[in-house]
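Shown here: model.tsv, TSV, C-alpha atoms.
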chain	number	residue	atom	x	y	z
A	29	MET	CA	-3.10	-25.18	0.34
A	30	GLU	CA	-2.62	-25.74	-3.40
A	31	PRO	CA	0.88	-26.40	-4.83
A	32	LEU	CA	2.87	-23.38	-5.92
A	33	SER	CA	2.46	-22.60	-9.60
A	34	ALA	CA	4.01	-19.16	-10.06
A	35	PRO	CA	7.79	-18.74	-10.48
A	36	ALA	CA	9.78	-17.46	-7.53
A	37	PRO	CA	13.26	-15.91	-7.46
A	38	VAL	CA	16.10	-17.71	-5.75
A	39	VAL	CA	17.26	-16.27	-2.42
A	40	SER	CA	20.85	-15.37	-3.13
A	41	SER	CA	22.03	-13.73	0.06
A	42	GLY	CA	21.28	-13.17	3.71
A	43	SER	CA	20.04	-9.67	2.97
A	44	ASP	CA	17.48	-11.10	0.54
A	45	ALA	CA	16.28	-13.50	3.22
A	46	ASP	CA	16.06	-10.65	5.76
A	47	LEU	CA	13.94	-8.60	3.34
A	48	ILE	CA	11.63	-11.55	2.69
A	49	ARG	CA	11.23	-12.25	6.41
A	50	ARG	CA	10.49	-8.60	7.18
A	51	THR	CA	7.98	-8.31	4.35
A	52	LEU	CA	6.10	-11.44	5.41
A	53	LYS	CA	5.98	-10.19	8.99
A	54	VAL	CA	4.59	-6.86	7.78
A	55	MET	CA	1.90	-8.72	5.82
A	56	ILE	CA	0.89	-10.65	8.93
A	57	ILE	CA	0.69	-7.47	11.01
A	58	SER	CA	-1.37	-5.70	8.34
A	59	ARG	CA	-3.83	-8.57	7.94
A	60	THR	CA	-4.22	-8.83	11.71
A	61	LEU	CA	-4.83	-5.10	12.08
A	62	GLU	CA	-7.36	-4.95	9.28
A	63	SER	CA	-9.24	-7.99	10.57
A	64	LYS	CA	-9.58	-6.15	13.88
A	65	LEU	CA	-10.70	-2.95	12.15
A	66	SER	CA	-13.33	-4.93	10.26
A	67	SER	CA	-14.66	-6.32	13.55
A	68	LEU	CA	-14.73	-2.85	15.13
A	69	TYR	CA	-16.59	-1.44	12.13
A	70	LYS	CA	-19.21	-4.20	12.24
A	71	ALA	CA	-19.61	-3.61	15.97
A	72	GLY	CA	-20.34	0.06	15.35
A	73	LYS	CA	-17.11	1.26	16.95
A	74	ILE	CA	-15.77	2.94	13.80
A	75	VAL	CA	-17.53	5.84	12.10
A	76	GLY	CA	-16.94	6.19	8.37
A	77	GLY	CA	-15.65	3.75	5.80
A	78	VAL	CA	-13.26	0.84	6.26
A	79	TYR	CA	-11.38	-0.26	3.14
A	80	LEU	CA	-9.23	-3.37	3.47
A	81	GLY	CA	-6.19	-4.52	1.52
A	82	THR	CA	-7.00	-8.22	1.88
A	83	GLY	CA	-5.27	-9.98	-1.01
A	84	GLN	CA	-3.06	-7.00	-1.85
A	85	GLU	CA	-0.63	-7.24	1.06
A	86	ALA	CA	2.22	-8.86	-0.88
A	87	PHE	CA	2.18	-6.15	-3.55
A	88	SER	CA	1.85	-3.27	-1.12
A	89	ALA	CA	4.29	-4.57	1.50
A	90	SER	CA	6.91	-5.24	-1.18
A	91	LEU	CA	6.91	-1.54	-2.00
A	92	GLY	CA	6.89	-0.26	1.58
A	93	CYS	CA	9.69	-2.62	2.60
A	94	SER	CA	11.82	-1.84	-0.47
A	95	LEU	CA	11.87	1.90	0.21
A	96	ASP	CA	14.29	3.78	2.45
A	97	GLN	CA	12.34	5.14	5.43
A	98	ASP	CA	14.98	7.80	6.07
A	99	LYS	CA	14.79	9.59	2.71
A	100	ASP	CA	12.19	8.19	0.30
A	101	ILE	CA	8.62	9.41	-0.27
A	102	PHE	CA	5.61	7.10	-0.09
A	103	ALA	CA	2.02	8.08	-0.87
A	104	PRO	CA	-0.22	5.12	0.06
A	105	LEU	CA	-3.72	4.54	-1.23
A	106	ILE	CA	-6.77	2.90	0.33
A	107	ARG	CA	-5.48	-0.71	0.29
A	108	ASP	CA	-1.94	0.04	1.40
A	109	GLN	CA	-1.94	-0.72	5.12
A	110	ALA	CA	0.81	-3.28	4.45
A	111	GLY	CA	2.83	-0.66	2.59
A	112	ARG	CA	2.26	1.87	5.36
A	113	THR	CA	3.45	-0.62	7.97
A	114	GLY	CA	6.45	-1.58	5.85
A	115	PHE	CA	7.37	2.09	5.49
A	116	GLY	CA	7.29	2.57	9.24
A	117	GLU	CA	3.83	3.84	10.17
A	118	PRO	CA	3.18	2.88	13.83
A	119	LEU	CA	0.06	0.81	14.46
A	120	ILE	CA	-1.14	3.39	16.96
A	121	GLU	CA	-1.44	5.99	14.19
A	122	ALA	CA	-3.81	3.73	12.27
A	123	THR	CA	-5.97	2.84	15.27
A	124	ARG	CA	-6.08	6.43	16.51
A	125	THR	CA	-7.30	7.63	13.12
A	126	TYR	CA	-9.97	4.93	12.75
A	127	LEU	CA	-11.21	5.47	16.31
A	128	GLY	CA	-11.27	9.27	16.07
A	129	SER	CA	-8.56	10.06	18.60
A	130	ALA	CA	-7.51	13.68	19.03
A	131	LEU	CA	-3.94	12.41	19.45
A	132	GLY	CA	-3.82	10.82	15.99
A	133	PRO	CA	-1.98	12.27	13.00
A	134	MET	CA	-5.18	13.93	11.74
A	135	ARG	CA	-6.41	14.84	15.25
A	136	GLY	CA	-9.71	13.08	14.67
A	137	ARG	CA	-10.67	15.58	11.98
A	138	ASP	CA	-10.46	13.55	8.78
A	139	GLY	CA	-11.50	10.23	7.28
A	140	ASN	CA	-9.99	6.97	8.42
A	141	ILE	CA	-7.66	6.47	5.48
A	142	HIS	CA	-6.75	10.12	4.90
A	143	ARG	CA	-3.91	10.12	7.37
A	144	GLY	CA	-0.31	11.08	6.78
A	145	ARG	CA	2.81	12.85	7.97
A	146	PRO	CA	3.98	15.05	5.08
A	147	ALA	CA	7.07	16.23	6.98
A	148	GLU	CA	8.08	12.56	7.27
A	149	ARG	CA	7.55	12.03	3.53
A	150	ARG	CA	4.19	10.29	4.00
A	151	PRO	CA	1.56	12.50	2.34
A	152	ALA	CA	-2.02	11.90	3.35
A	153	MET	CA	-4.14	9.74	1.06
A	154	ILE	CA	-6.36	11.66	-1.37
A	155	SER	CA	-9.77	10.24	-2.27
A	156	HIS	CA	-9.45	11.48	-5.84
A	157	LEU	CA	-7.63	8.31	-6.82
A	158	GLY	CA	-4.74	8.92	-9.20
A	159	THR	CA	-3.90	12.29	-7.68
A	160	SER	CA	-1.09	10.82	-5.57
A	161	VAL	CA	0.94	10.31	-8.76
A	162	SER	CA	1.02	14.05	-9.41
A	163	VAL	CA	1.58	14.82	-5.72
A	164	VAL	CA	4.66	12.57	-5.55
A	165	ALA	CA	5.94	14.03	-8.83
A	166	GLY	CA	5.60	17.50	-7.35
A	167	MET	CA	7.41	16.50	-4.16
A	168	LEU	CA	10.29	15.07	-6.20
A	169	ILE	CA	10.57	18.21	-8.32
A	170	ALA	CA	10.58	20.33	-5.15
A	171	ARG	CA	13.47	18.26	-3.81
A	172	ARG	CA	15.33	18.66	-7.09
A	173	MET	CA	14.90	22.43	-6.95
A	174	LYS	CA	16.35	22.42	-3.43
A	175	GLY	CA	19.22	20.15	-4.43
A	176	GLU	CA	17.95	17.30	-2.23
A	177	LEU	CA	16.95	14.69	-4.81
A	178	ALA	CA	20.13	12.59	-4.91
A	179	GLY	CA	19.37	8.96	-4.03
A	180	VAL	CA	15.68	9.65	-3.30
A	181	VAL	CA	12.79	7.60	-4.67
A	182	GLY	CA	9.15	8.68	-4.67
A	183	ALA	CA	6.50	5.97	-4.80
A	184	THR	CA	2.79	5.39	-4.76
A	185	CYS	CA	0.37	2.54	-5.34
A	186	VAL	CA	-2.87	3.05	-7.26
A	187	GLY	CA	-5.62	0.80	-8.57
A	188	ASP	CA	-6.60	-0.02	-12.14
A	189	GLY	CA	-9.46	2.47	-11.94
A	190	ALA	CA	-7.06	5.29	-11.03
A	191	THR	CA	-5.21	4.82	-14.33
A	192	SER	CA	-8.27	6.22	-16.11
A	193	THR	CA	-8.05	9.58	-14.34
A	194	GLY	CA	-6.56	12.78	-15.68
A	195	ALA	CA	-4.33	13.21	-12.63
A	196	PHE	CA	-2.68	9.82	-13.27
A	197	HIS	CA	-1.99	10.77	-16.89
A	198	GLU	CA	-0.68	14.23	-16.12
A	199	GLY	CA	1.43	13.07	-13.18
A	200	LEU	CA	3.03	10.13	-14.96
A	201	ASN	CA	3.60	12.16	-18.11
A	202	LEU	CA	5.36	14.83	-16.06
A	203	ALA	CA	7.45	12.22	-14.25
A	204	ALA	CA	8.51	10.73	-17.60
A	205	VAL	CA	9.40	14.07	-19.19
A	206	GLU	CA	11.40	15.10	-16.11
A	207	GLN	CA	12.88	11.60	-15.68
A	208	LEU	CA	11.93	11.58	-12.03
A	209	PRO	CA	12.96	8.69	-9.74
A	210	MET	CA	9.39	7.51	-9.27
A	211	VAL	CA	7.84	4.07	-8.83
A	212	VAL	CA	4.12	3.68	-9.52
A	213	LEU	CA	2.51	0.40	-8.57
A	214	VAL	CA	-0.78	-0.35	-10.30
A	215	ALA	CA	-2.86	-2.92	-8.44
A	216	ASP	CA	-4.91	-4.42	-11.26
A	217	ASN	CA	-7.54	-6.00	-9.02
A	218	GLN	CA	-10.04	-6.42	-11.88
A	219	PHE	CA	-12.57	-3.85	-10.67
A	220	ALA	CA	-12.81	-0.10	-10.14
A	221	TYR	CA	-15.28	-0.47	-7.27
A	222	SER	CA	-17.77	-2.64	-9.24
A	223	THR	CA	-16.78	-1.62	-12.78
A	224	PRO	CA	-14.93	-4.48	-14.52
A	225	ARG	CA	-11.73	-3.98	-16.51
A	226	GLU	CA	-13.41	-4.27	-19.93
A	227	ARG	CA	-15.58	-1.26	-19.10
A	228	GLN	CA	-12.61	0.81	-17.94
A	229	PHE	CA	-10.04	0.55	-20.73
A	230	ALA	CA	-9.62	-1.06	-24.14
A	231	CYS	CA	-5.97	-2.09	-23.96
A	232	GLU	CA	-5.30	-5.76	-23.31
A	233	ASN	CA	-2.90	-5.12	-20.44
A	234	LEU	CA	-2.28	-1.99	-18.38
A	235	VAL	CA	1.48	-2.51	-18.56
A	236	ASP	CA	1.20	-1.69	-22.28
A	237	ARG	CA	0.53	1.91	-21.29
A	238	ALA	CA	4.02	2.29	-19.84
A	239	LYS	CA	5.60	2.42	-23.29
A	240	GLY	CA	3.23	5.19	-24.35
A	241	TYR	CA	4.37	7.33	-21.42
A	242	GLY	CA	8.03	6.51	-22.03
A	243	VAL	CA	8.50	4.76	-18.71
A	244	THR	CA	9.76	1.29	-17.87
A	245	GLY	CA	6.90	-1.18	-17.40
A	246	ARG	CA	6.92	-4.42	-15.44
A	247	GLU	CA	4.23	-6.99	-14.70
A	248	VAL	CA	3.97	-9.34	-11.73
A	249	ASP	CA	1.71	-11.97	-10.24
A	250	ALA	CA	0.72	-9.98	-7.17
A	251	THR	CA	-0.48	-13.08	-5.32
A	252	ASN	CA	3.12	-14.33	-5.24
A	253	LEU	CA	5.18	-12.73	-2.44
A	254	LEU	CA	8.60	-13.74	-3.73
A	255	GLU	CA	7.84	-12.61	-7.26
A	256	CYS	CA	6.45	-9.30	-5.97
A	257	LEU	CA	9.54	-8.61	-3.88
A	258	SER	CA	11.88	-9.43	-6.73
A	259	VAL	CA	10.12	-7.22	-9.30
A	260	VAL	CA	9.21	-4.30	-7.03
A	261	HIS	CA	12.65	-4.17	-5.39
A	262	GLU	CA	14.23	-4.17	-8.85
A	263	ALA	CA	11.98	-1.27	-9.92
A	264	VAL	CA	12.91	0.76	-6.81
A	265	GLN	CA	16.61	0.17	-7.41
A	266	ALA	CA	16.26	1.14	-11.08
A	267	ALA	CA	14.56	4.42	-10.17
A	268	ARG	CA	17.18	5.14	-7.51
A	269	SER	CA	20.07	4.55	-9.91
A	270	GLY	CA	18.81	6.98	-12.55
A	271	GLY	CA	16.54	4.75	-14.61
A	272	GLY	CA	13.63	7.19	-14.54
A	273	PRO	CA	10.01	6.36	-13.69
A	274	GLN	CA	9.03	2.72	-13.24
A	275	MET	CA	5.50	1.33	-13.52
A	276	VAL	CA	4.73	-2.09	-12.05
A	277	VAL	CA	1.36	-3.70	-12.76
A	278	GLY	CA	0.32	-6.37	-10.27
A	279	LYS	CA	-2.37	-8.87	-11.25
A	280	LEU	CA	-4.60	-9.84	-8.33
A	281	LEU	CA	-8.15	-9.84	-7.02
A	282	ARG	CA	-9.63	-8.06	-4.03
A	283	LEU	CA	-10.54	-10.74	-1.51
A	284	CYS	CA	-13.18	-8.46	-0.03
A	285	GLY	CA	-15.59	-5.79	-1.19
A	286	HIS	CA	-14.60	-2.30	-2.23
A	287	GLY	CA	-15.21	-1.44	1.40
A	288	GLU	CA	-16.72	-3.23	4.36
A	289	HIS	CA	-20.09	-1.85	3.28
A	290	ASP	CA	-19.85	-3.75	-0.02
A	291	ASP	CA	-20.55	-7.49	-0.36
A	292	ALA	CA	-18.75	-7.76	-3.75
A	293	SER	CA	-21.66	-9.76	-5.19
A	294	TYR	CA	-20.63	-8.56	-8.67
A	295	VAL	CA	-17.44	-10.69	-8.59
A	296	ALA	CA	-18.00	-13.94	-10.48
A	297	SER	CA	-17.23	-17.18	-8.65
A	298	GLU	CA	-14.99	-18.27	-11.55
A	299	LEU	CA	-12.77	-15.24	-10.88
A	300	LYS	CA	-12.66	-15.93	-7.17
A	301	ASP	CA	-11.59	-19.51	-7.87
A	302	SER	CA	-8.93	-18.51	-10.39
A	303	GLN	CA	-5.22	-17.95	-9.70
A	304	LEU	CA	-5.98	-14.25	-9.27
A	305	GLY	CA	-8.12	-15.14	-6.26
A	306	ARG	CA	-5.32	-16.83	-4.32
A	307	ASP	CA	-4.57	-15.46	-0.86
A	308	CYS	CA	-1.12	-13.88	-1.08
A	309	LEU	CA	-0.58	-14.27	2.67
A	310	GLU	CA	-1.31	-17.98	2.74
A	311	LEU	CA	0.76	-18.49	-0.40
A	312	GLY	CA	3.61	-16.36	0.98
A	313	ILE	CA	3.76	-18.33	4.21
A	314	GLN	CA	3.90	-21.56	2.22
A	315	GLN	CA	6.64	-20.19	-0.03
A	316	VAL	CA	9.00	-19.04	2.69
A	317	ILE	CA	8.55	-22.16	4.78
A	318	GLU	CA	9.25	-24.40	1.77
A	319	LYS	CA	12.39	-22.41	1.00
A	320	GLY	CA	13.59	-22.65	4.60
A	321	ILE	CA	13.56	-18.88	5.10
A	322	VAL	CA	11.27	-19.14	8.14
A	323	THR	CA	9.86	-21.97	10.21
A	324	GLU	CA	6.25	-22.72	11.07
A	325	ASN	CA	7.02	-21.90	14.70
A	326	GLU	CA	8.31	-18.47	13.71
A	327	VAL	CA	5.17	-17.76	11.71
A	328	ASP	CA	3.02	-18.83	14.66
A	329	LEU	CA	5.03	-16.53	16.92
A	330	TRP	CA	4.69	-13.59	14.51
A	331	GLN	CA	0.93	-14.11	14.33
A	332	LYS	CA	0.69	-14.17	18.13
A	333	GLU	CA	2.84	-11.06	18.47
A	334	ALA	CA	0.82	-9.26	15.80
A	335	ALA	CA	-2.43	-10.01	17.65
A	336	GLU	CA	-0.95	-8.64	20.88
A	337	GLU	CA	0.43	-5.50	19.22
A	338	VAL	CA	-2.85	-4.77	17.46
A	339	GLN	CA	-4.88	-5.29	20.62
A	340	GLU	CA	-2.58	-2.95	22.54
A	341	ALA	CA	-2.85	-0.26	19.85
A	342	VAL	CA	-6.64	-0.52	19.80
A	343	ALA	CA	-6.88	-0.42	23.60
A	344	ASN	CA	-4.67	2.68	23.77
A	345	ALA	CA	-6.60	4.48	21.04
A	346	GLN	CA	-9.92	3.73	22.75
A	347	THR	CA	-8.79	5.57	25.90
A	348	ASP	CA	-7.55	8.66	24.02
A	349	PRO	CA	-9.40	11.99	24.21
A	350	ARG	CA	-11.78	12.83	21.37
A	351	PRO	CA	-11.84	16.12	19.44
A	352	ASP	CA	-13.50	18.93	21.41
A	353	PRO	CA	-15.22	21.45	19.10
A	354	TYR	CA	-15.29	24.02	21.91
A	355	ARG	CA	-11.56	23.91	22.56
A	356	ASP	CA	-9.94	22.86	19.29
A	357	ASP	CA	-8.36	25.42	16.99
A	358	TRP	CA	-10.08	24.66	13.66
A	359	ARG	CA	-8.00	27.03	11.58
A	360	ALA	CA	-5.89	25.62	8.75
A	361	PHE	CA	-2.74	23.85	9.86
A	362	SER	CA	0.40	25.97	10.07
A	363	SER	CA	3.78	24.86	8.74
A	364	LYS	CA	4.17	22.86	11.98
A	365	GLY	CA	0.53	21.91	12.23
A	366	ILE	CA	-0.05	18.27	11.51
A	367	ASN	CA	3.32	17.12	12.84
A	368	SER	CA	3.45	19.21	16.00

Once you've parsed the file, please lay out its structure as structure tokens.
Amino acid sequence: MEPLSAPAPVVSSGSDADLIRRTLKVMIISRTLESKLSSLYKAGKIVGGVYLGTGQEAFSASLGCSLDQDKDIFAPLIRDQAGRTGFGEPLIEATRTYLGSALGPMRGRDGNIHRGRPAERRPAMISHLGTSVSVVAGMLIARRMKGELAGVVGATCVGDGATSTGAFHEGLNLAAVEQLPMVVLVADNQFAYSTPRERQFACENLVDRAKGYGVTGREVDATNLLECLSVVHEAVQAARSGGGPQMVVGKLLRLCGHGEHDDASYVASELKDSQLGRDCLELGIQQVIEKGIVTENEVDLWQKEAAEEVQEAVANAQTDPRPDPYRDDWRAFSSKGINS
């Protein structure tokens, strides 16, 4: 593995070390799960699309692990399995959704990544990318109107392509005007599907847009776990303490296609070989071992445990009942509905 080149914050306390350990473990679990999902898709066991977060785990997990599972709101996007896991989504919910189980959060009725538990502050992913910004803004305003906003943060993670949508503009503009405690992570992975950055927007850097909205903007090397945790955690704390909306732009590269159906042949080899193309998981493991936060034996154990947990979740989901069109009630969900 190449020597570290990006700056990393100093671990200043035991709580920092605990957060780093937990985030790395979440990254390992996410990568293990998605590797299994890729295999199942290629074997014809999964119907529908499979979209992996390979290379984005550090950025996504840093957000999920920095939020408070008991009160915050998190709206994940298509490459946020690490964030979902960090925010507390059980592995069985992911495998049940991908394998079409009637016991899953969407009861086998919706796409693989469109799962959520709104009553647990995890809204389902929306394919109209950028829309989650306005959804989270609306959820925060609803809490304010009910007098339940104190100490709450709402967060979502979108891609560079989503920043070109009207919903992103309207949602972030509303959040800025209302000074909502929102954190928006923008994964600048260089492509909106296959459309390169220079064909999406004319500004030199997406973080420059933050000033135009009147929100605090930060930029981070999203291949660097320690840097991600430092910057994202700081943004979450700023939003929680009354600093208004925070936008964090993470520079990285998808280490896979847009989906498992896409070979990413449009990505130049020079880009793959650049710093943006580094594997955040490999780099993160190297970082924490060098800093003495974990040992190689611990990492090996976490990888073994992750493989066992993923296999168990897949095995359980494969034995679940499937939706029955002759027995299921296909009416719209009631207020209990999806969480009953």

- Arg50 (chain A) surroundings by all atoms listed in the file, 10 Å radius, close-in-sequence under 3 positions cut, as a PyMOL selection string: chain A and resi 44-47+53-56+89-90+93+114

Keeping C-alpha atoms, export the residues of the selection given above as a PDB file, in the coordinates of the input.
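The resulting part-v1.pdb:
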ATOM      1  CA  ASP A  44      17.480 -11.100   0.540  1.00  0.00           C
ATOM      2  CA  ALA A  45      16.280 -13.500   3.220  1.00  0.00           C
ATOM      3  CA  ASP A  46      16.060 -10.650   5.760  1.00  0.00           C
ATOM      4  CA  LEU A  47      13.940  -8.600   3.340  1.00  0.00           C
ATOM      5  CA  LYS A  53       5.980 -10.190   8.990  1.00  0.00           C
ATOM      6  CA  VAL A  54       4.590  -6.860   7.780  1.00  0.00           C
ATOM      7  CA  MET A  55       1.900  -8.720   5.820  1.00  0.00           C
ATOM      8  CA  ILE A  56       0.890 -10.650   8.930  1.00  0.00           C
ATOM      9  CA  ALA A  89       4.290  -4.570   1.500  1.00  0.00           C
ATOM     10  CA  SER A  90       6.910  -5.240  -1.180  1.00  0.00           C
ATOM     11  CA  CYS A  93       9.690  -2.620   2.600  1.00  0.00           C
ATOM     12  CA  GLY A 114       6.450  -1.580   5.850  1.00  0.00           C
TER      13      GLY A 114
END

- Query: Mind listing as an NGL selection string all residues within 9 Å of (-12.6, -11.3, -8.5), counting all atoms listed in the file?
  - Reply: :A and (217-219 or 280-284 or 292 or 294-302 or 304-305)

Using all atoms listed in the file, collect all residues at a distance of at most 6 Å from (13.4, 2.8, -5.5) as written in the file, then present them as a JSON list (two decimals) with C-alpha atoms, in the frame of the given file.
[["chain", "number", "residue", "atom", "x", "y", "z"],
["A", 95, "LEU", "CA", 11.87, 1.90, 0.21],
["A", 181, "VAL", "CA", 12.79, 7.60, -4.67],
["A", 264, "VAL", "CA", 12.91, 0.76, -6.81],
["A", 265, "GLN", "CA", 16.61, 0.17, -7.41],
["A", 267, "ALA", "CA", 14.56, 4.42, -10.17],
["A", 268, "ARG", "CA", 17.18, 5.14, -7.51]]

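For the set A:Gly111, A:Gly199, A:Gly179, A:Gly272, the residue with the smallest atom-to-atom gap to Val243 (chain A) is A:Gly272, counting only C-alpha atoms.
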
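Our summary of the geometry notes that CA of Gly187 (chain A) is positioned 9.8 Å from CA of Tyr221 (chain A).
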
- Message: Ranking A:Glu226, A:Glu85, A:Glu148, A:Glu176 by minimum distance to Gln109 (chain A) and counting only C-alpha atoms, which one comes first?
- Response: A:Glu85

- Message: Would you pick out the contacts of Arg149 (chain A) at 10 Å or less, using all atoms listed in the file, so that residues sharing its chain but fewer than 2 positions from it are not included, and give the list as a list in words?
- Response: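 What passes the distance filter is Gln97, Asp98, Lys99, Asp100, Ile101, Phe102, Ala103, Gly144, Arg145, Pro146, Ala147, Pro151, Ala152, Val164, Met167 and Gly182 of chain A.
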
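CA of Val276 (chain A) sits 10.6 Å away from CA of Thr184 (chain A).
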
- For CA of Ala343 (chain A) and CA of Gly81 (chain A), the interatomic separation in Å (one decimal): 22.5 Å

- Query: In terms of the shortest atom-to-atom distance over all atoms listed in the file, which of A:Leu80, A:Ala183, A:Met275, A:Ala266 is closest to Lys64 (chain A)?
  - Reply: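 Ranking A:Leu80, A:Ala183, A:Met275, A:Ala266 by distance to Lys64 (chain A), first place goes to A:Leu80.
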
- Which is closer to Gln315 (chain A) than all the others in A:Thr251, A:Thr113, A:Ser63, A:Ser129, using only C-alpha atoms? A:Thr251

Centre, edges in Å (one decimal): axis-aligned box, region 91-94 of chain A, 8 Å padding on all six sides, as AutoDock Vina command-line options:
--center_x 9.4 --center_y -1.4 --center_z 0.3 --size_x 20.9 --size_y 18.4 --size_z 20.6

- Item | Leu131 (chain A) surroundings by all atoms listed in the file, 12 Å radius, close-in-sequence under 5 positions cut, as a list in words |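 Close residues of Leu131 (chain A): Ile120, Glu121, Ala122, Thr123, Arg124, Thr125, Tyr126, Gly136, Arg137, Asn344, Ala345, Gln346, Thr347, Asp348, Pro349, Arg350, Pro351, Asp352, Ile366, Asn367 and Ser368 of chain A.
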